[in-house]
>>> print(open('input-v2.tsv').read())   # TSV, C-alpha atoms
chain	number	residue	atom	x	y	z
A	16	MET	CA	89.73	108.74	-24.01
A	17	LYS	CA	93.31	109.29	-22.90
A	18	VAL	CA	92.24	109.44	-19.26
A	19	LYS	CA	90.40	106.16	-19.68
A	20	VAL	CA	93.40	104.47	-21.20
A	21	ILE	CA	95.64	105.72	-18.41
A	22	THR	CA	93.13	104.60	-15.77
A	23	VAL	CA	92.94	101.14	-17.25
A	24	LEU	CA	96.72	101.01	-17.46
A	25	VAL	CA	97.15	102.04	-13.82
A	26	LEU	CA	94.49	99.58	-12.65
A	27	PHE	CA	96.17	96.89	-14.66
A	28	LEU	CA	99.59	97.62	-13.19
A	29	VAL	CA	98.12	97.60	-9.69
A	30	ALA	CA	96.25	94.39	-10.42
A	31	ARG	CA	99.44	92.77	-11.60
A	32	ASN	CA	100.94	92.89	-8.15
A	33	SER	CA	97.92	91.34	-6.50
A	34	PHE	CA	98.10	88.36	-8.86
A	35	ALA	CA	101.72	87.80	-7.99
A	36	ALA	CA	101.12	84.21	-6.90
A	37	VAL	CA	102.72	82.78	-10.02
A	38	PRO	CA	104.65	79.57	-9.34
A	39	GLU	CA	108.38	79.85	-9.89
A	40	LEU	CA	110.72	77.32	-11.48
A	41	GLU	CA	114.48	77.36	-11.69
A	42	LEU	CA	116.65	76.54	-14.64
A	43	GLU	CA	120.43	76.61	-14.41
A	44	ILE	CA	123.04	76.93	-17.10
A	45	ARG	CA	126.40	75.28	-16.44
A	46	ASP	CA	129.08	74.51	-19.07
A	47	HIS	CA	126.55	75.42	-21.78
A	48	LEU	CA	124.05	72.83	-20.54
A	49	PHE	CA	120.60	73.33	-19.04
A	50	PHE	CA	119.80	71.83	-15.62
A	51	PRO	CA	117.30	70.29	-15.44
A	52	ALA	CA	117.05	69.55	-19.14
A	53	THR	CA	113.37	68.72	-18.72
A	54	LEU	CA	111.12	71.12	-16.85
A	55	GLU	CA	107.67	69.96	-15.85
A	56	ILE	CA	105.06	72.64	-15.49
A	57	PRO	CA	101.34	72.43	-14.78
A	58	VAL	CA	98.97	72.74	-17.72
A	59	ASN	CA	97.17	76.08	-18.17
A	60	GLN	CA	99.28	77.82	-15.60
A	61	LYS	CA	101.56	80.78	-16.09
A	62	VAL	CA	104.98	80.22	-14.49
A	63	ARG	CA	107.90	82.48	-13.67
A	64	LEU	CA	111.03	80.83	-14.96
A	65	LEU	CA	114.16	81.95	-13.13
A	66	ILE	CA	117.22	81.21	-15.24
A	67	ILE	CA	120.60	81.27	-13.53
A	68	ASN	CA	123.59	81.43	-15.84
A	69	ASN	CA	126.65	80.09	-14.01
A	70	ASP	CA	128.85	80.35	-17.09
A	71	PRO	CA	131.00	83.43	-17.63
A	72	THR	CA	129.64	83.62	-21.19
A	73	PRO	CA	126.24	84.99	-22.19
A	74	GLU	CA	123.58	82.60	-23.48
A	75	GLU	CA	120.31	83.12	-25.28
A	76	PHE	CA	117.27	81.16	-24.17
A	77	GLU	CA	115.21	80.50	-27.26
A	78	SER	CA	112.12	78.47	-28.04
A	79	TYR	CA	110.02	78.65	-31.18
A	80	GLU	CA	107.29	76.58	-29.56
A	81	LEU	CA	107.09	78.76	-26.46
A	82	ASN	CA	107.60	81.90	-28.52
A	83	ARG	CA	110.33	83.09	-26.19
A	84	GLU	CA	113.78	84.57	-26.74
A	85	LYS	CA	116.06	86.25	-24.25
A	86	VAL	CA	119.74	86.96	-23.70
A	87	ILE	CA	121.15	86.03	-20.30
A	88	PRO	CA	124.50	87.73	-19.60
A	89	GLY	CA	127.30	85.64	-18.12
A	90	ASN	CA	127.24	85.00	-14.36
A	91	SER	CA	123.79	86.48	-13.92
A	92	ARG	CA	120.19	85.55	-13.54
A	93	THR	CA	117.05	86.49	-15.38
A	94	VAL	CA	113.31	85.88	-15.46
A	95	ILE	CA	111.03	84.73	-18.28
A	96	PHE	CA	107.30	84.23	-17.91
A	97	ILE	CA	105.91	81.29	-19.85
A	98	GLY	CA	102.47	79.78	-20.33
A	99	PRO	CA	99.68	79.13	-19.70
A	100	LEU	CA	100.34	76.12	-21.90
A	101	ASP	CA	98.32	73.29	-23.40
A	102	PRO	CA	99.54	69.78	-22.58
A	103	GLY	CA	102.58	68.87	-24.64
A	104	GLU	CA	106.30	69.24	-25.10
A	105	TYR	CA	107.97	72.54	-25.85
A	106	PRO	CA	111.67	72.29	-26.78
A	107	PHE	CA	114.04	75.15	-26.02
A	108	PHE	CA	117.73	75.71	-26.70
A	109	GLY	CA	120.59	78.06	-26.02
A	110	GLU	CA	121.02	79.94	-29.25
A	111	PHE	CA	124.64	80.88	-28.54
A	112	PHE	CA	125.61	77.24	-28.00
A	113	PRO	CA	122.81	75.37	-29.81
A	114	LYS	CA	124.72	72.10	-30.12
A	115	THR	CA	124.99	71.60	-26.38
A	116	ALA	CA	122.40	73.70	-24.59
A	117	VAL	CA	119.06	72.00	-25.25
A	118	GLY	CA	116.07	71.18	-23.10
A	119	LYS	CA	112.31	71.03	-23.06
A	120	VAL	CA	109.31	72.17	-21.08
A	121	VAL	CA	106.71	69.47	-20.51
A	122	ALA	CA	103.25	70.76	-19.66
A	123	LYS	CA	101.02	68.20	-17.97
B	6	MET	CA	130.20	77.05	-34.72
B	7	PHE	CA	130.51	78.51	-38.22
B	8	LEU	CA	127.01	77.59	-39.33
B	9	SER	CA	125.28	78.62	-36.13
B	10	THR	CA	127.14	81.95	-36.28
B	11	VAL	CA	125.94	82.54	-39.84
B	12	ILE	CA	122.35	81.79	-38.86
B	13	LEU	CA	122.37	83.91	-35.70
B	14	VAL	CA	124.07	86.93	-37.24
B	15	LEU	CA	121.98	86.75	-40.41
B	16	GLU	CA	118.78	86.71	-38.40
B	17	GLU	CA	119.79	89.92	-36.69
B	18	ILE	CA	121.08	91.67	-39.78
B	19	LEU	CA	118.39	90.70	-42.27
B	20	GLU	CA	115.61	92.71	-40.67
B	21	ALA	CA	117.69	95.88	-40.55
B	22	ALA	CA	119.02	95.33	-44.09
B	23	LEU	CA	115.54	94.91	-45.54
B	24	LEU	CA	114.20	97.97	-43.70
B	25	ILE	CA	117.13	100.04	-44.95
B	26	SER	CA	116.42	98.91	-48.54
B	27	VAL	CA	112.80	99.96	-48.36
B	28	LEU	CA	113.71	103.31	-46.83
B	29	LEU	CA	116.40	103.83	-49.48
B	30	VAL	CA	113.86	103.15	-52.22
B	31	LEU	CA	111.55	105.73	-50.67
B	32	THR	CA	114.37	108.24	-50.27
B	33	ARG	CA	115.18	107.84	-53.93
B	34	LEU	CA	111.58	108.02	-55.12
B	35	LEU	CA	110.73	111.00	-52.97
B	36	THR	CA	113.86	112.84	-54.03
B	37	ARG	CA	113.69	112.11	-57.76
B	38	ASN	CA	110.00	112.02	-58.40
B	39	SER	CA	108.71	114.58	-56.03
B	40	MET	CA	106.94	117.55	-57.56
B	41	GLU	CA	108.09	119.52	-54.58
B	42	HIS	CA	111.77	119.31	-55.36
B	43	LEU	CA	112.24	117.55	-52.08
B	44	VAL	CA	115.79	116.39	-51.58
B	45	ILE	CA	116.47	113.84	-48.86
B	46	PRO	CA	120.24	113.65	-48.44
B	47	LEU	CA	121.56	110.09	-48.40
B	48	ALA	CA	123.81	110.98	-45.50
B	49	TRP	CA	121.17	109.54	-43.16
B	50	LEU	CA	122.42	106.06	-43.96
B	51	PRO	CA	126.11	106.32	-42.92
B	52	GLY	CA	124.95	108.45	-39.99
B	53	ALA	CA	122.56	105.71	-38.89
B	54	GLY	CA	125.27	103.11	-39.35
B	55	ILE	CA	127.76	104.91	-37.14
B	56	CYS	CA	125.23	105.87	-34.45
B	57	GLY	CA	123.71	102.39	-34.55
B	58	ILE	CA	127.00	100.57	-34.07
B	59	ALA	CA	128.07	102.96	-31.30
B	60	GLY	CA	124.66	102.47	-29.69
B	61	ALA	CA	124.93	98.71	-30.02
B	62	TRP	CA	128.31	98.66	-28.35
B	63	LEU	CA	126.96	100.81	-25.51
B	64	TYR	CA	123.84	98.68	-25.13
B	65	ALA	CA	125.87	95.46	-25.14
B	66	THR	CA	128.14	96.90	-22.45
B	67	PHE	CA	125.20	97.77	-20.23
B	68	THR	CA	123.17	94.63	-20.96
B	69	PRO	CA	124.09	92.93	-17.65
B	70	ALA	CA	122.86	95.99	-15.73
B	71	VAL	CA	119.76	96.55	-17.87
B	72	SER	CA	118.90	92.88	-17.54
B	73	GLU	CA	118.32	93.32	-13.79
B	74	TRP	CA	115.95	96.26	-14.09
B	75	PHE	CA	112.26	95.82	-13.24
B	76	ASP	CA	112.81	92.56	-11.39
B	77	TYR	CA	114.92	90.94	-14.13
B	78	VAL	CA	112.78	91.88	-17.11
B	79	GLY	CA	114.71	95.04	-18.00
B	80	LEU	CA	115.79	93.73	-21.42
B	81	GLU	CA	112.22	93.03	-22.50
B	82	ILE	CA	111.05	96.45	-21.36
B	83	THR	CA	113.98	98.28	-22.97
B	84	ASN	CA	113.67	96.35	-26.23
B	85	ALA	CA	109.91	96.87	-26.35
B	86	PHE	CA	110.51	100.57	-25.73
B	87	ILE	CA	112.98	100.70	-28.64
B	88	GLN	CA	110.47	98.93	-30.91
B	89	VAL	CA	107.70	101.33	-29.97
B	90	LEU	CA	110.02	104.31	-30.46
B	91	ILE	CA	110.90	103.12	-33.97
B	92	LEU	CA	107.19	102.69	-34.67
B	93	VAL	CA	106.45	106.22	-33.48
B	94	LEU	CA	109.25	107.67	-35.63
B	95	LEU	CA	108.04	105.68	-38.63
B	96	ALA	CA	104.50	106.96	-38.10
B	97	LEU	CA	105.81	110.54	-37.75
B	98	PHE	CA	107.68	110.14	-41.02
B	99	CYS	CA	104.57	108.88	-42.82
B	100	PHE	CA	102.28	111.49	-41.33
B	101	MET	CA	104.66	114.36	-42.03
B	102	PHE	CA	103.48	114.31	-45.61
B	103	SER	CA	100.12	115.72	-44.67
B	104	SER	CA	98.66	118.76	-46.33
B	105	GLY	CA	99.38	122.24	-45.10
B	106	ASN	CA	101.39	125.06	-46.46
B	107	ARG	CA	103.27	123.47	-49.33
B	108	GLU	CA	106.40	125.57	-49.25
B	109	HIS	CA	106.64	125.38	-45.53
B	110	ARG	CA	106.11	121.66	-45.77
B	111	THR	CA	108.93	121.07	-48.21
B	112	LEU	CA	111.34	122.87	-45.94
B	113	MET	CA	110.20	120.92	-42.91
B	114	LEU	CA	110.34	117.63	-44.79
B	115	ALA	CA	113.83	118.27	-46.07
B	116	GLY	CA	114.99	118.94	-42.53
B	117	MET	CA	113.05	116.29	-40.65
B	118	ALA	CA	113.02	113.33	-43.03
B	119	PRO	CA	116.76	112.50	-42.83
B	120	VAL	CA	116.73	112.94	-39.05
B	121	LEU	CA	113.79	110.57	-38.64
B	122	LEU	CA	115.20	108.01	-41.07
B	123	CYS	CA	118.59	108.14	-39.38
B	124	THR	CA	117.19	107.73	-35.86
B	125	MET	CA	114.88	104.90	-36.86
B	126	VAL	CA	117.60	102.88	-38.53
B	127	ALA	CA	120.15	103.68	-35.80
B	128	LEU	CA	117.75	102.33	-33.15
B	129	GLY	CA	117.10	99.22	-35.21
B	130	ILE	CA	120.83	98.61	-35.62
B	131	THR	CA	121.43	99.23	-31.91
B	132	ARG	CA	119.04	96.47	-30.97
B	133	GLU	CA	120.11	93.92	-33.54
B	134	VAL	CA	123.85	94.47	-33.46
B	135	SER	CA	124.10	94.57	-29.65
B	136	GLU	CA	122.99	90.95	-29.67
B	137	ILE	CA	125.66	90.06	-32.22
B	138	ILE	CA	128.29	91.78	-30.04
B	139	LEU	CA	127.16	89.84	-26.95
B	140	TYR	CA	127.23	86.63	-28.91
B	141	MET	CA	130.71	87.28	-30.27
B	142	GLN	CA	132.06	88.25	-26.87
B	143	GLY	CA	130.59	85.06	-25.46
B	144	VAL	CA	131.70	82.45	-27.93
B	145	MET	CA	135.06	84.03	-28.70
B	146	ALA	CA	136.05	83.56	-25.08
B	147	LEU	CA	137.14	80.18	-26.39
B	148	PRO	CA	140.12	80.82	-28.71
B	149	ALA	CA	139.24	77.80	-30.85
B	150	ASN	CA	136.01	79.52	-31.88
B	151	VAL	CA	137.50	82.80	-33.00
B	152	SER	CA	138.16	82.09	-36.67
B	153	SER	CA	134.84	80.36	-37.38
B	154	VAL	CA	132.89	83.07	-35.57
B	155	VAL	CA	134.68	85.90	-37.37
B	156	LEU	CA	134.26	84.17	-40.75
B	157	GLY	CA	130.63	83.35	-40.00
B	158	THR	CA	129.91	86.94	-39.03
B	159	ILE	CA	131.55	88.30	-42.17
B	160	MET	CA	129.65	85.83	-44.33
B	161	ALA	CA	126.31	86.54	-42.68
B	162	THR	CA	126.87	90.28	-42.97
B	163	GLY	CA	127.61	89.76	-46.66
B	164	ILE	CA	124.46	87.70	-47.21
B	165	GLY	CA	122.36	90.19	-45.23
B	166	ILE	CA	123.61	93.20	-47.15
B	167	SER	CA	123.28	91.36	-50.49
B	168	SER	CA	119.67	90.47	-49.65
B	169	GLY	CA	119.05	94.14	-48.96
B	170	ILE	CA	120.57	95.12	-52.29
B	171	VAL	CA	118.52	92.48	-54.12
B	172	LEU	CA	115.31	93.75	-52.51
B	173	TYR	CA	116.27	97.34	-53.38
B	174	TYR	CA	116.69	96.56	-57.07
B	175	LEU	CA	113.68	94.24	-57.16
B	176	ILE	CA	111.44	97.04	-55.91
B	177	LEU	CA	113.03	99.60	-58.20
B	178	ALA	CA	112.61	97.27	-61.20
B	179	LEU	CA	108.86	97.76	-60.91
B	180	PRO	CA	107.09	100.65	-62.61
B	181	VAL	CA	107.65	103.76	-60.48
B	182	ILE	CA	104.15	103.85	-59.01
B	183	TRP	CA	104.44	100.22	-57.97
B	184	SER	CA	107.88	100.72	-56.44
B	185	TYR	CA	106.27	103.40	-54.34
B	186	ARG	CA	103.26	101.25	-53.45
B	187	VAL	CA	105.23	98.12	-52.66
B	188	SER	CA	107.64	99.99	-50.40
B	189	MET	CA	104.76	101.62	-48.53
B	190	LEU	CA	103.03	98.25	-48.17
B	191	LEU	CA	106.22	96.72	-46.79
B	192	LEU	CA	106.60	99.68	-44.45
B	193	ALA	CA	103.05	99.17	-43.16
B	194	LEU	CA	103.75	95.48	-42.50
B	195	PHE	CA	107.05	96.42	-40.89
B	196	ALA	CA	105.14	98.71	-38.53
B	197	GLY	CA	102.88	95.77	-37.69
B	198	ASN	CA	105.93	93.66	-36.97
B	199	LEU	CA	107.32	96.27	-34.58
B	200	ALA	CA	104.07	96.38	-32.61
B	201	SER	CA	103.72	92.61	-32.55
B	202	GLN	CA	107.28	92.15	-31.28
B	203	ALA	CA	106.75	94.76	-28.58
B	204	VAL	CA	103.62	92.90	-27.44
B	205	LEU	CA	105.50	89.62	-27.37
B	206	LEU	CA	108.30	91.13	-25.27
B	207	LEU	CA	105.89	92.71	-22.81
B	208	THR	CA	103.96	89.44	-22.51
B	209	GLN	CA	107.21	87.61	-21.81
B	210	ALA	CA	107.91	90.16	-19.05
B	211	ASP	CA	104.36	89.71	-17.70
B	212	TRP	CA	103.63	93.40	-18.25
B	213	LEU	CA	100.88	92.48	-20.68
B	214	PRO	CA	98.37	89.72	-19.99
B	215	TYR	CA	98.46	86.37	-21.75
B	216	THR	CA	96.12	86.17	-24.71
B	217	PRO	CA	95.32	82.94	-26.54
B	218	GLU	CA	97.27	81.81	-29.57
B	219	LEU	CA	95.35	82.72	-32.70
B	220	TRP	CA	96.75	80.06	-35.02
B	221	ASP	CA	99.62	77.63	-35.36
B	222	SER	CA	101.20	77.35	-38.79
B	223	SER	CA	104.44	75.82	-37.54
B	224	ASN	CA	103.78	72.68	-39.59
B	225	LEU	CA	103.19	74.71	-42.73
B	226	ILE	CA	106.02	77.25	-42.48
B	227	PRO	CA	108.24	76.61	-39.44
B	228	GLU	CA	109.82	79.75	-38.01
B	229	TYR	CA	113.26	78.18	-38.19
B	230	SER	CA	112.95	77.38	-41.92
B	231	VAL	CA	114.56	79.67	-44.47
B	232	THR	CA	111.14	80.81	-45.69
B	233	GLY	CA	110.02	81.39	-42.12
B	234	LYS	CA	113.05	83.48	-41.31
B	235	LEU	CA	112.81	85.53	-44.50
B	236	LEU	CA	109.11	86.14	-43.90
B	237	TYR	CA	109.87	87.08	-40.31
B	238	ALA	CA	112.43	89.67	-41.38
B	239	LEU	CA	110.22	91.01	-44.15
B	240	VAL	CA	106.72	91.05	-42.65
B	241	GLY	CA	107.12	89.79	-39.09
B	242	TYR	CA	105.87	86.28	-39.74
B	243	GLU	CA	105.22	84.23	-36.65
B	244	ALA	CA	103.96	80.66	-36.58
B	245	ASN	CA	101.92	80.99	-33.39
B	246	PRO	CA	101.06	84.60	-32.62
B	247	SER	CA	98.80	85.63	-29.78
B	248	LEU	CA	95.52	87.48	-30.18
B	249	LEU	CA	96.98	90.71	-28.81
B	250	GLN	CA	99.95	90.50	-31.16
B	251	CYS	CA	97.65	90.17	-34.16
B	252	VAL	CA	95.38	92.99	-33.05
B	253	LEU	CA	98.25	95.43	-32.59
B	254	TYR	CA	99.97	94.22	-35.75
B	255	LEU	CA	96.85	95.03	-37.74
B	256	ALA	CA	96.25	98.31	-35.92
B	257	SER	CA	99.79	99.55	-36.64
B	258	ALA	CA	99.76	98.38	-40.26
B	259	ILE	CA	96.39	100.07	-40.80
B	260	MET	CA	97.67	103.26	-39.15
B	261	ILE	CA	100.49	103.45	-41.71
B	262	ALA	CA	98.09	102.49	-44.49
B	263	PHE	CA	96.02	105.57	-43.66
B	264	SER	CA	98.98	107.88	-43.42
B	265	PRO	CA	99.31	110.68	-45.99
B	266	LEU	CA	102.48	109.16	-47.45
B	267	PHE	CA	100.76	105.82	-48.06
B	268	LEU	CA	97.67	107.45	-49.51
B	269	LEU	CA	99.83	109.59	-51.78
B	270	ALA	CA	101.40	106.45	-53.19
B	271	TRP	CA	98.06	104.83	-53.68
B	272	LYS	CA	96.06	107.71	-55.09
B	273	SER	CA	98.38	109.40	-57.51
B	274	ARG	CA	98.39	108.05	-61.04
B	275	LYS	CA	102.02	108.47	-61.84
B	276	GLY	CA	103.30	108.28	-58.33
B	277	SER	CA	104.98	111.57	-58.95
B	278	GLU	CA	102.09	113.91	-58.79
B	279	ASP	CA	101.76	114.14	-55.08
B	280	GLY	CA	98.04	113.36	-55.17
B	281	ALA	CA	97.17	117.04	-55.15
>>> encode(input="input-v2.tsv", output="structure tokens")
Amino acid sequence: MKVKVITVLVLFLVARNSFAAVPELELEIRDHLFFPATLEIPVNQKVRLLIINNDPTPEEFESYELNREKVIPGNSRTVIFIGPLDPGEYPFFGEFFPKTAVGKVVAK
Amino acid sequence: MFLSTVILVLEEILEAALLISVLLVLTRLLTRNSMEHLVIPLAWLPGAGICGIAGAWLYATFTPAVSEWFDYVGLEITNAFIQVLILVLLALFCFMFSSGNREHRTLMLAGMAPVLLCTMVALGITREVSEIILYMQGVMALPANVSSVVLGTIMATGIGISSGIVLYYLILALPVIWSYRVSMLLLALFAGNLASQAVLLLTQADWLPYTPELWDSSNLIPEYSVTGKLLYALVGYEANPSLLQCVLYLASAIMIAFSPLFLLAWKSRKGSEDGA
């Protein structure tokens, strides 16, 4: 049983690399604002979202609709995988500066 | 700034506060009502507090480095690892109450229980409080924010701790057997929450495959509503969980529900007779 689980796990980890062709999108944070504020992504497609925080302060990317939450330290970059998504709009915000940092993902 | 600080800090603190309450209820019940004269020293709580806050400070300091691990998904992996570790410790705690040599068991329990409780809570605090520290460091870079952030943090900490105290006395107000049962039920759901959160983090890091959303109750109870947030802290409520999250939530909750400690609570008539 254990061997099986480990085998599946190893196969899965190997398989992950061969499916690496996930499209990448960039999102920048500057002065507690997201650029671009609207991200268009293809429907039913997983994407690798590269978030670059140009502010010296940390920010937290958060979206209830996308079910995602992640701290991005100041002056650094990070990656969040989102989707595959149904068509629609998925708002997100910066939880540390929620009044300014807002945006949305549009899947179409 | 004040209100968003209260919300953010409360979110982080509530989960830990509620877990601590349930564990305190159990500590009290097991110590007072145990036929085995088991004494779990309360020192695990201040110990967990100190270790947790030290851990949180350390984790916050290394967050920029950790964040870059595993091709920029280091935080997800580390946080998922912490969640799974807490789950394992919780399961160990619940399964420690299995049969075996009674006298030997009491000795082992008295030694191990406070260590497990302390480590579990310290890990929980490390994760939650490190985020508060990062947040405070970030927003207090602007001097104008300092007073509202400090006040907000104090207020949220107060509300969080009060909620924990309310839950503690609510559970203890029940007949003893039901205090025991309710705390074990909450612990089982808490275990489910840990597993579900770990799955979510690993999915976000693309270490686990995408699985379809099982339901969407965001119109009924939005996650950002007060009810949603309380339910999240208490039983891991999520408005749109994935299939894998639900499966592992149930599996972990059921695992705790079949643990000796849970069965003891459920079988014994008075809750004090140890089911034997």
>>> residues_around(input="input-v2.tsv", residues="segment 79-89 of chain B", least_positions_apart="2", cutoff="7 Å", atoms="all atoms listed in the file", output="tab-separated table (two decimals) with C-alpha atoms, in the frame of the given file")
chain	number	residue	atom	x	y	z
B	71	VAL	CA	119.76	96.55	-17.87
B	72	SER	CA	118.90	92.88	-17.54
B	73	GLU	CA	118.32	93.32	-13.79
B	74	TRP	CA	115.95	96.26	-14.09
B	75	PHE	CA	112.26	95.82	-13.24
B	77	TYR	CA	114.92	90.94	-14.13
B	91	ILE	CA	110.90	103.12	-33.97
B	92	LEU	CA	107.19	102.69	-34.67
B	93	VAL	CA	106.45	106.22	-33.48
B	128	LEU	CA	117.75	102.33	-33.15
B	199	LEU	CA	107.32	96.27	-34.58
B	200	ALA	CA	104.07	96.38	-32.61
B	203	ALA	CA	106.75	94.76	-28.58
B	206	LEU	CA	108.30	91.13	-25.27
B	207	LEU	CA	105.89	92.71	-22.81
B	210	ALA	CA	107.91	90.16	-19.05
>>> interface_residues(input="input-v2.tsv", of="chain B", to="chain A", cutoff="6 Å", atoms="only C-alpha atoms", output="JSON, numbers by chain")
{"B": [69, 77, 143, 209]}
>>> residues_around(input="input-v2.tsv", residues="Ile164 of chain B", least_positions_apart="4", cutoff="8 Å", atoms="all atoms listed in the file", output="list in words")
Leu15, Met160 and Ser168 of chain B
>>> atom_distance(input="input-v2.tsv", atom1="atom CA of Val154 of chain B", atom2="atom CA of Glu136 of chain B")
14.0 Å
>>> atom_distance(input="input-v2.tsv", atom1="atom CA of Met113 of chain B", atom2="atom CA of Leu97 of chain B")
12.4 Å
>>> atom_distance(input="input-v2.tsv", atom1="atom CA of Pro46 of chain B", atom2="atom CA of Leu266 of chain B")
18.3 Å
>>> residues_near_point(input="input-v2.tsv", point="(108.1, 105.1, -41.7)", cutoff="12 Å", atoms="only C-alpha atoms", output="JSON, numbers by chain")
{"B": [24, 25, 27, 28, 29, 31, 32, 90, 91, 92, 93, 94, 95, 96, 97, 98, 99, 100, 101, 102, 118, 119, 120, 121, 122, 123, 124, 125, 126, 188, 189, 190, 191, 192, 193, 194, 195, 196, 197, 199, 257, 258, 260, 261, 262, 264, 265, 266, 267]}
>>> write_last_selection(input="input-v2.tsv", atoms="C-alpha atoms", output="PDB file, in the frame of the given file")
ATOM      1  CA  LEU B  24     114.200  97.970 -43.700  1.00  0.00           C
ATOM      2  CA  ILE B  25     117.130 100.040 -44.950  1.00  0.00           C
ATOM      3  CA  VAL B  27     112.800  99.960 -48.360  1.00  0.00           C
ATOM      4  CA  LEU B  28     113.710 103.310 -46.830  1.00  0.00           C
ATOM      5  CA  LEU B  29     116.400 103.830 -49.480  1.00  0.00           C
ATOM      6  CA  LEU B  31     111.550 105.730 -50.670  1.00  0.00           C
ATOM      7  CA  THR B  32     114.370 108.240 -50.270  1.00  0.00           C
ATOM      8  CA  LEU B  90     110.020 104.310 -30.460  1.00  0.00           C
ATOM      9  CA  ILE B  91     110.900 103.120 -33.970  1.00  0.00           C
ATOM     10  CA  LEU B  92     107.190 102.690 -34.670  1.00  0.00           C
ATOM     11  CA  VAL B  93     106.450 106.220 -33.480  1.00  0.00           C
ATOM     12  CA  LEU B  94     109.250 107.670 -35.630  1.00  0.00           C
ATOM     13  CA  LEU B  95     108.040 105.680 -38.630  1.00  0.00           C
ATOM     14  CA  ALA B  96     104.500 106.960 -38.100  1.00  0.00           C
ATOM     15  CA  LEU B  97     105.810 110.540 -37.750  1.00  0.00           C
ATOM     16  CA  PHE B  98     107.680 110.140 -41.020  1.00  0.00           C
ATOM     17  CA  CYS B  99     104.570 108.880 -42.820  1.00  0.00           C
ATOM     18  CA  PHE B 100     102.280 111.490 -41.330  1.00  0.00           C
ATOM     19  CA  MET B 101     104.660 114.360 -42.030  1.00  0.00           C
ATOM     20  CA  PHE B 102     103.480 114.310 -45.610  1.00  0.00           C
ATOM     21  CA  ALA B 118     113.020 113.330 -43.030  1.00  0.00           C
ATOM     22  CA  PRO B 119     116.760 112.500 -42.830  1.00  0.00           C
ATOM     23  CA  VAL B 120     116.730 112.940 -39.050  1.00  0.00           C
ATOM     24  CA  LEU B 121     113.790 110.570 -38.640  1.00  0.00           C
ATOM     25  CA  LEU B 122     115.200 108.010 -41.070  1.00  0.00           C
ATOM     26  CA  CYS B 123     118.590 108.140 -39.380  1.00  0.00           C
ATOM     27  CA  THR B 124     117.190 107.730 -35.860  1.00  0.00           C
ATOM     28  CA  MET B 125     114.880 104.900 -36.860  1.00  0.00           C
ATOM     29  CA  VAL B 126     117.600 102.880 -38.530  1.00  0.00           C
ATOM     30  CA  SER B 188     107.640  99.990 -50.400  1.00  0.00           C
ATOM     31  CA  MET B 189     104.760 101.620 -48.530  1.00  0.00           C
ATOM     32  CA  LEU B 190     103.030  98.250 -48.170  1.00  0.00           C
ATOM     33  CA  LEU B 191     106.220  96.720 -46.790  1.00  0.00           C
ATOM     34  CA  LEU B 192     106.600  99.680 -44.450  1.00  0.00           C
ATOM     35  CA  ALA B 193     103.050  99.170 -43.160  1.00  0.00           C
ATOM     36  CA  LEU B 194     103.750  95.480 -42.500  1.00  0.00           C
ATOM     37  CA  PHE B 195     107.050  96.420 -40.890  1.00  0.00           C
ATOM     38  CA  ALA B 196     105.140  98.710 -38.530  1.00  0.00           C
ATOM     39  CA  GLY B 197     102.880  95.770 -37.690  1.00  0.00           C
ATOM     40  CA  LEU B 199     107.320  96.270 -34.580  1.00  0.00           C
ATOM     41  CA  SER B 257      99.790  99.550 -36.640  1.00  0.00           C
ATOM     42  CA  ALA B 258      99.760  98.380 -40.260  1.00  0.00           C
ATOM     43  CA  MET B 260      97.670 103.260 -39.150  1.00  0.00           C
ATOM     44  CA  ILE B 261     100.490 103.450 -41.710  1.00  0.00           C
ATOM     45  CA  ALA B 262      98.090 102.490 -44.490  1.00  0.00           C
ATOM     46  CA  SER B 264      98.980 107.880 -43.420  1.00  0.00           C
ATOM     47  CA  PRO B 265      99.310 110.680 -45.990  1.00  0.00           C
ATOM     48  CA  LEU B 266     102.480 109.160 -47.450  1.00  0.00           C
ATOM     49  CA  PHE B 267     100.760 105.820 -48.060  1.00  0.00           C
TER      50      PHE B 267
END
>>> closest_residue(input="input-v2.tsv", among="B:Val151, B:Ile259, B:Leu34, B:Leu239", to="Ile18 of chain B", atoms="only C-alpha atoms")
B:Leu239
>>> residues_around(input="input-v2.tsv", residues="Pro51 of chain A", least_positions_apart="4", cutoff="12 Å", atoms="all atoms listed in the file", output="list of chain:residue names")
A:Leu40, A:Glu41, A:Leu42, A:Glu43, A:Ile44, A:Arg45, A:Glu55, A:Ile66, A:Ile67, A:Ala116, A:Val117, A:Gly118, A:Lys119, A:Val120, A:Val121
>>> write_last_selection(input="input-v2.tsv", atoms="C-alpha atoms", output="PDB file, in the coordinates of the input")
ATOM      1  CA  LEU A  40     110.720  77.320 -11.480  1.00  0.00           C
ATOM      2  CA  GLU A  41     114.480  77.360 -11.690  1.00  0.00           C
ATOM      3  CA  LEU A  42     116.650  76.540 -14.640  1.00  0.00           C
ATOM      4  CA  GLU A  43     120.430  76.610 -14.410  1.00  0.00           C
ATOM      5  CA  ILE A  44     123.040  76.930 -17.100  1.00  0.00           C
ATOM      6  CA  ARG A  45     126.400  75.280 -16.440  1.00  0.00           C
ATOM      7  CA  GLU A  55     107.670  69.960 -15.850  1.00  0.00           C
ATOM      8  CA  ILE A  66     117.220  81.210 -15.240  1.00  0.00           C
ATOM      9  CA  ILE A  67     120.600  81.270 -13.530  1.00  0.00           C
ATOM     10  CA  ALA A 116     122.400  73.700 -24.590  1.00  0.00           C
ATOM     11  CA  VAL A 117     119.060  72.000 -25.250  1.00  0.00           C
ATOM     12  CA  GLY A 118     116.070  71.180 -23.100  1.00  0.00           C
ATOM     13  CA  LYS A 119     112.310  71.030 -23.060  1.00  0.00           C
ATOM     14  CA  VAL A 120     109.310  72.170 -21.080  1.00  0.00           C
ATOM     15  CA  VAL A 121     106.710  69.470 -20.510  1.00  0.00           C
TER      16      VAL A 121
END
